[in-house]
Amino acid sequence: MTSISLKGVCKRFHSFEAVRDVSLDIAGGEFISLLGPSGCGKSTLLRMIAGLETATAGEIGMGGKSIQHLPPSERNIAMVFQNYALYPHKTVLENVAFPLLMQEPMIMRLPWLRRLAPGRRLVDDQIAARVDPVCRMLGIDHLARRKPAELSGGQRQRVALARAMVRQPKLFLMDEPLSNLDAKLRATTRAEIIDLHRRLGVTFLYVTHDQGEAMTMSDRIVLMNEGCLQQVGPPLELYNDPANLFVAEFIGLPKINVLDLRIEDRNAFLGGQPIRDMPGELDGAPAPRKGALRVGLRAEALHLCPVDHPHALRGHIHIVEHLGNEAILHMSLGGEDICVRVQPAQAAGLSPGHEIAVRPDWNSALLFDAAGSRRRG
Ligand code: ATP
């Protein structure tokens with residue numbers, strides 16, 4: 001199993017720094033998602049590992065050895081792209097077998113020589129022995145003679161995966177491989193990729209801007225913004241213990257509620273409303289006695305309560321989202337739009353315009369300073 005290590009990796013395109021000083025250790029067999037908004041440098045980082053871009057500074061190692069001097073073909077890495085990059089004039093079988101044919105000596109790649117060559121049968125048998133099980137595993141063996149144009153998006157994606165797998169690579173790099181699929185197919189193909197990772201046991205590096213995808217698939221998420229690492233950790237760690245406001249807002253659906261907290265002497269105001277039940281501890285440290293902060297409360301950290309409750313924060317509903325197993329109430333509080341996650345029964349009878357009240361679960365409140373850094377006490 002192949003580990004990857006990045007030390008101080010940078011990539012500059014002219015004067016623009018696309019990747020800034022990224023250091024990261026990935027253990028062999030891990031499923032890592034590179035997550036972040038469009039343009040944050042995810043693909044550039046992946047392409048440097050693949051050898052398709054050269055790092056401006058820093059070290060890239062695989063299995064404990066530097067790979068920077070190796071061309072892409074010698075890195076034993078398979079890459080699956082968003083657009084699948086299949087050869088349109090080749091059949092499914094030829095597309096899948098293509099990387100193996102490329103590994104043959106040049107003389108065997110010429111079809112007319114291949115027919116004459118005495119070793120042809122052996123080579124073809126060896127290729128079939130690698131290609132057939134992979135096609136069966138991915139359920140595309142019955143499509144072997146079709147061309148890419150005759151396949152659905154999901155089938156094309158599986159052909160691209162099969163082509164990556166036949167080389168038995170040490171590392172899979174995937175760049176938004178599901179973004180061309182519709183929602184249902186994306187969910188099933190996502191499950192197939194997780195299963196593939198479990199069965200192959202090799203290292204996967206998966207680029208996505210979809211936090212839900214990263215949350216459900218990964219052992220660890222690497223969250224980037226503007227070329228820099230923001231946080232690296234298991235999905236729930238990023239959700240429950242974000243390093244900063246950017247992480248807190250990027251991870252989780254609906255987005256975390258962020259409200260202004262103002263503390264003056266003994267009086268505290270959340271979203272402009274007085275609060276009388278603020279605990280002595282906030283986010284694992286003594287609550288500040290003075291100042292202006294931002295408080296992050298996830299939709300499930302706000303609980304509905306009677307409007308006349310002494311600790312109620314009141315506001316008006318503007319949208320009720322019924323999702324079947326739960327409902328999301330969108331309400332305005334102190335000029336901010338916030339989301340409250342409730343049971344379907346709690347949302348029954350509620351509609352836009354209703355006045356409702358919530359109480360924060362202070363134990364799960366996250367505290368940030370004005371610059372968005374996590375403020376633990
Ligand atoms: P997306 O999710 O939109 O694919 P990304 O996070 O993968 O985004 P990159 O493709 O890595 O982002 O690009 C990072 C930044 O580097 C972007 O601002 C992009 O415009 C810039 N960039 C990428 N390749 C080049 C290039 N060859 N020349 C100049 N700038 C580039």
# chains A, B, ... in the order shown; residues from 1 in each chain; ligands from 1
>>> select_by_dssp(residues="stretch 210-327 of chain A", states="alpha helix (DSSP H)", output="short mmCIF file (atom, residue, chain, number, x, y, z; two decimals) with C-alpha atoms, in the first residue's frame")
data_model
loop_
_atom_site.label_atom_id
_atom_site.label_comp_id
_atom_site.auth_asym_id
_atom_site.auth_seq_id
_atom_site.Cartn_x
_atom_site.Cartn_y
_atom_site.Cartn_z
CA GLN A 211 -19.18 18.42 0.72
CA GLY A 212 -21.85 15.70 0.94
CA GLU A 213 -19.80 13.48 -1.36
CA ALA A 214 -16.65 14.09 0.69
CA MET A 215 -18.49 13.50 3.99
CA THR A 216 -19.92 10.13 2.94
CA MET A 217 -16.93 8.70 1.07
CA PRO A 235 -15.49 14.11 8.20
CA LEU A 236 -17.14 14.37 11.62
CA GLU A 237 -14.14 16.19 13.06
CA LEU A 238 -14.53 18.92 10.44
CA TYR A 239 -18.28 19.05 11.17
CA ASN A 240 -18.10 19.13 14.97
CA LEU A 245 -15.44 29.84 10.16
CA PHE A 246 -14.65 28.90 6.54
CA VAL A 247 -14.60 25.17 7.48
CA ALA A 248 -17.72 25.51 9.64
CA GLU A 249 -19.63 27.15 6.77
CA PHE A 250 -18.34 24.84 4.01
#
>>> closest_atom_pairs(of="chain A", to="ligand 1", cutoff="9 Å", atoms="only C-alpha atoms and all ligand atoms", output="tab-separated table")
residue	atom	partner	partner_atom_place_in_ligand_line	distance
A:Lys11	CA	ligand 1	16 (O)	8.5
A:Arg12	CA	ligand 1	30 (N)	8.1
A:Phe13	CA	ligand 1	29 (C)	4.9
A:His14	CA	ligand 1	29 (C)	7.2
A:Phe16	CA	ligand 1	30 (N)	7.1
A:Glu17	CA	ligand 1	16 (O)	7.3
A:Ala18	CA	ligand 1	16 (O)	4.4
A:Val19	CA	ligand 1	14 (C)	7.3
A:Leu34	CA	ligand 1	6 (O)	8.7
A:Leu35	CA	ligand 1	6 (O)	7.9
A:Gly36	CA	ligand 1	6 (O)	6.3
A:Pro37	CA	ligand 1	2 (O)	6.0
A:Ser38	CA	ligand 1	3 (O)	3.6
A:Gly39	CA	ligand 1	12 (O)	3.4
A:Cys40	CA	ligand 1	6 (O)	3.8
A:Gly41	CA	ligand 1	11 (O)	3.2
A:Lys42	CA	ligand 1	6 (O)	4.0
A:Ser43	CA	ligand 1	7 (O)	3.6
A:Thr44	CA	ligand 1	11 (O)	3.7
A:Leu45	CA	ligand 1	11 (O)	6.4
A:Leu46	CA	ligand 1	11 (O)	8.0
A:Arg47	CA	ligand 1	11 (O)	8.2
A:Glu53	CA	ligand 1	27 (N)	8.6
A:Asp175	CA	ligand 1	7 (O)	8.0
A:Glu176	CA	ligand 1	4 (O)	7.9
A:Val207	CA	ligand 1	7 (O)	7.5
A:Thr208	CA	ligand 1	2 (O)	6.9
A:His209	CA	ligand 1	2 (O)	5.8
A:Met224	CA	ligand 1	6 (O)	8.0
A:Asn225	CA	ligand 1	6 (O)	8.2
A:Glu226	CA	ligand 1	14 (C)	7.9
A:Gly227	CA	ligand 1	14 (C)	7.2
>>> write_last_selection(atoms="C-alpha atoms", output="PDB file, in the first residue's frame")
ATOM      1  CA  LYS A  11       2.355  25.949  -7.640  1.00  0.00           C
ATOM      2  CA  ARG A  12       2.600  29.326  -9.284  1.00  0.00           C
ATOM      3  CA  PHE A  13       1.101  30.182 -12.679  1.00  0.00           C
ATOM      4  CA  HIS A  14       2.973  33.376 -13.602  1.00  0.00           C
ATOM      5  CA  PHE A  16      -0.741  33.674  -9.394  1.00  0.00           C
ATOM      6  CA  GLU A  17      -0.225  31.228  -6.536  1.00  0.00           C
ATOM      7  CA  ALA A  18      -2.673  28.368  -7.160  1.00  0.00           C
ATOM      8  CA  VAL A  19      -1.284  26.094  -4.404  1.00  0.00           C
ATOM      9  CA  LEU A  34      -9.675  17.035  -1.666  1.00  0.00           C
ATOM     10  CA  LEU A  35     -12.561  19.424  -1.061  1.00  0.00           C
ATOM     11  CA  GLY A  36     -13.002  23.142  -1.613  1.00  0.00           C
ATOM     12  CA  PRO A  37     -14.710  25.800  -3.709  1.00  0.00           C
ATOM     13  CA  SER A  38     -14.078  26.205  -7.422  1.00  0.00           C
ATOM     14  CA  GLY A  39     -10.575  27.495  -8.149  1.00  0.00           C
ATOM     15  CA  CYS A  40      -9.089  26.658  -4.717  1.00  0.00           C
ATOM     16  CA  GLY A  41      -6.324  24.502  -6.241  1.00  0.00           C
ATOM     17  CA  LYS A  42      -7.658  20.952  -5.787  1.00  0.00           C
ATOM     18  CA  SER A  43      -7.094  19.804  -9.371  1.00  0.00           C
ATOM     19  CA  THR A  44      -3.703  21.497  -9.535  1.00  0.00           C
ATOM     20  CA  LEU A  45      -2.592  19.583  -6.438  1.00  0.00           C
ATOM     21  CA  LEU A  46      -3.872  16.319  -7.922  1.00  0.00           C
ATOM     22  CA  ARG A  47      -2.179  17.021 -11.240  1.00  0.00           C
ATOM     23  CA  GLU A  53       2.050  19.703 -13.546  1.00  0.00           C
ATOM     24  CA  ASP A 175     -11.027  14.495 -10.459  1.00  0.00           C
ATOM     25  CA  GLU A 176     -14.755  15.112  -9.930  1.00  0.00           C
ATOM     26  CA  VAL A 207     -11.309  15.701  -5.852  1.00  0.00           C
ATOM     27  CA  THR A 208     -14.775  17.132  -5.282  1.00  0.00           C
ATOM     28  CA  HIS A 209     -16.460  20.429  -4.469  1.00  0.00           C
ATOM     29  CA  MET A 224      -8.715  23.863   0.806  1.00  0.00           C
ATOM     30  CA  ASN A 225      -9.380  27.521   0.135  1.00  0.00           C
ATOM     31  CA  GLU A 226      -7.390  29.914  -2.059  1.00  0.00           C
ATOM     32  CA  GLY A 227      -4.569  27.409  -2.469  1.00  0.00           C
TER      33      GLY A 227
END
>>> residues_around(residues="A:Arg376", least_positions_apart="3", cutoff="7 Å", atoms="only C-alpha atoms", output="MDAnalysis selection string")
chainID A and resid 283:285 367
>>> residues_around(residues="stretch 258-267 of chain A", least_positions_apart="2", cutoff="10 Å", atoms="only C-alpha atoms", output="ChimeraX atom specification")
/A:245,248-249,255-256,269-276,278,287-298,333-338,365-368,370
>>> atom_distance(atom1="atom CA of A:Phe98", atom2="atom CA of A:Ala128")
11.7 Å
>>> residues_around(residues="A:Glu355", least_positions_apart="4", cutoff="12 Å", atoms="only C-alpha atoms", output="MDAnalysis selection string")
chainID A and resid 304:308 312:318 329:333 350:351
>>> residues_around(residues="A:Arg156", least_positions_apart="2", cutoff="10 Å", atoms="only C-alpha atoms", output="list in words")
Asn83, Tyr84, Ala85, Leu86, Val92, Ile140, Lys147, Pro148, Ala149, Glu150, Leu151, Ser152, Gly153, Gly154, Arg158, Val159, Ala160, Leu161 and Ala162 of chain A
>>> atom_distance(atom1="atom CA of A:Arg220", atom2="atom CA of A:Leu24")
11.6 Å
>>> atom_distance(atom1="atom CA of A:Asn244", atom2="atom CA of A:Arg20")
18.1 Å
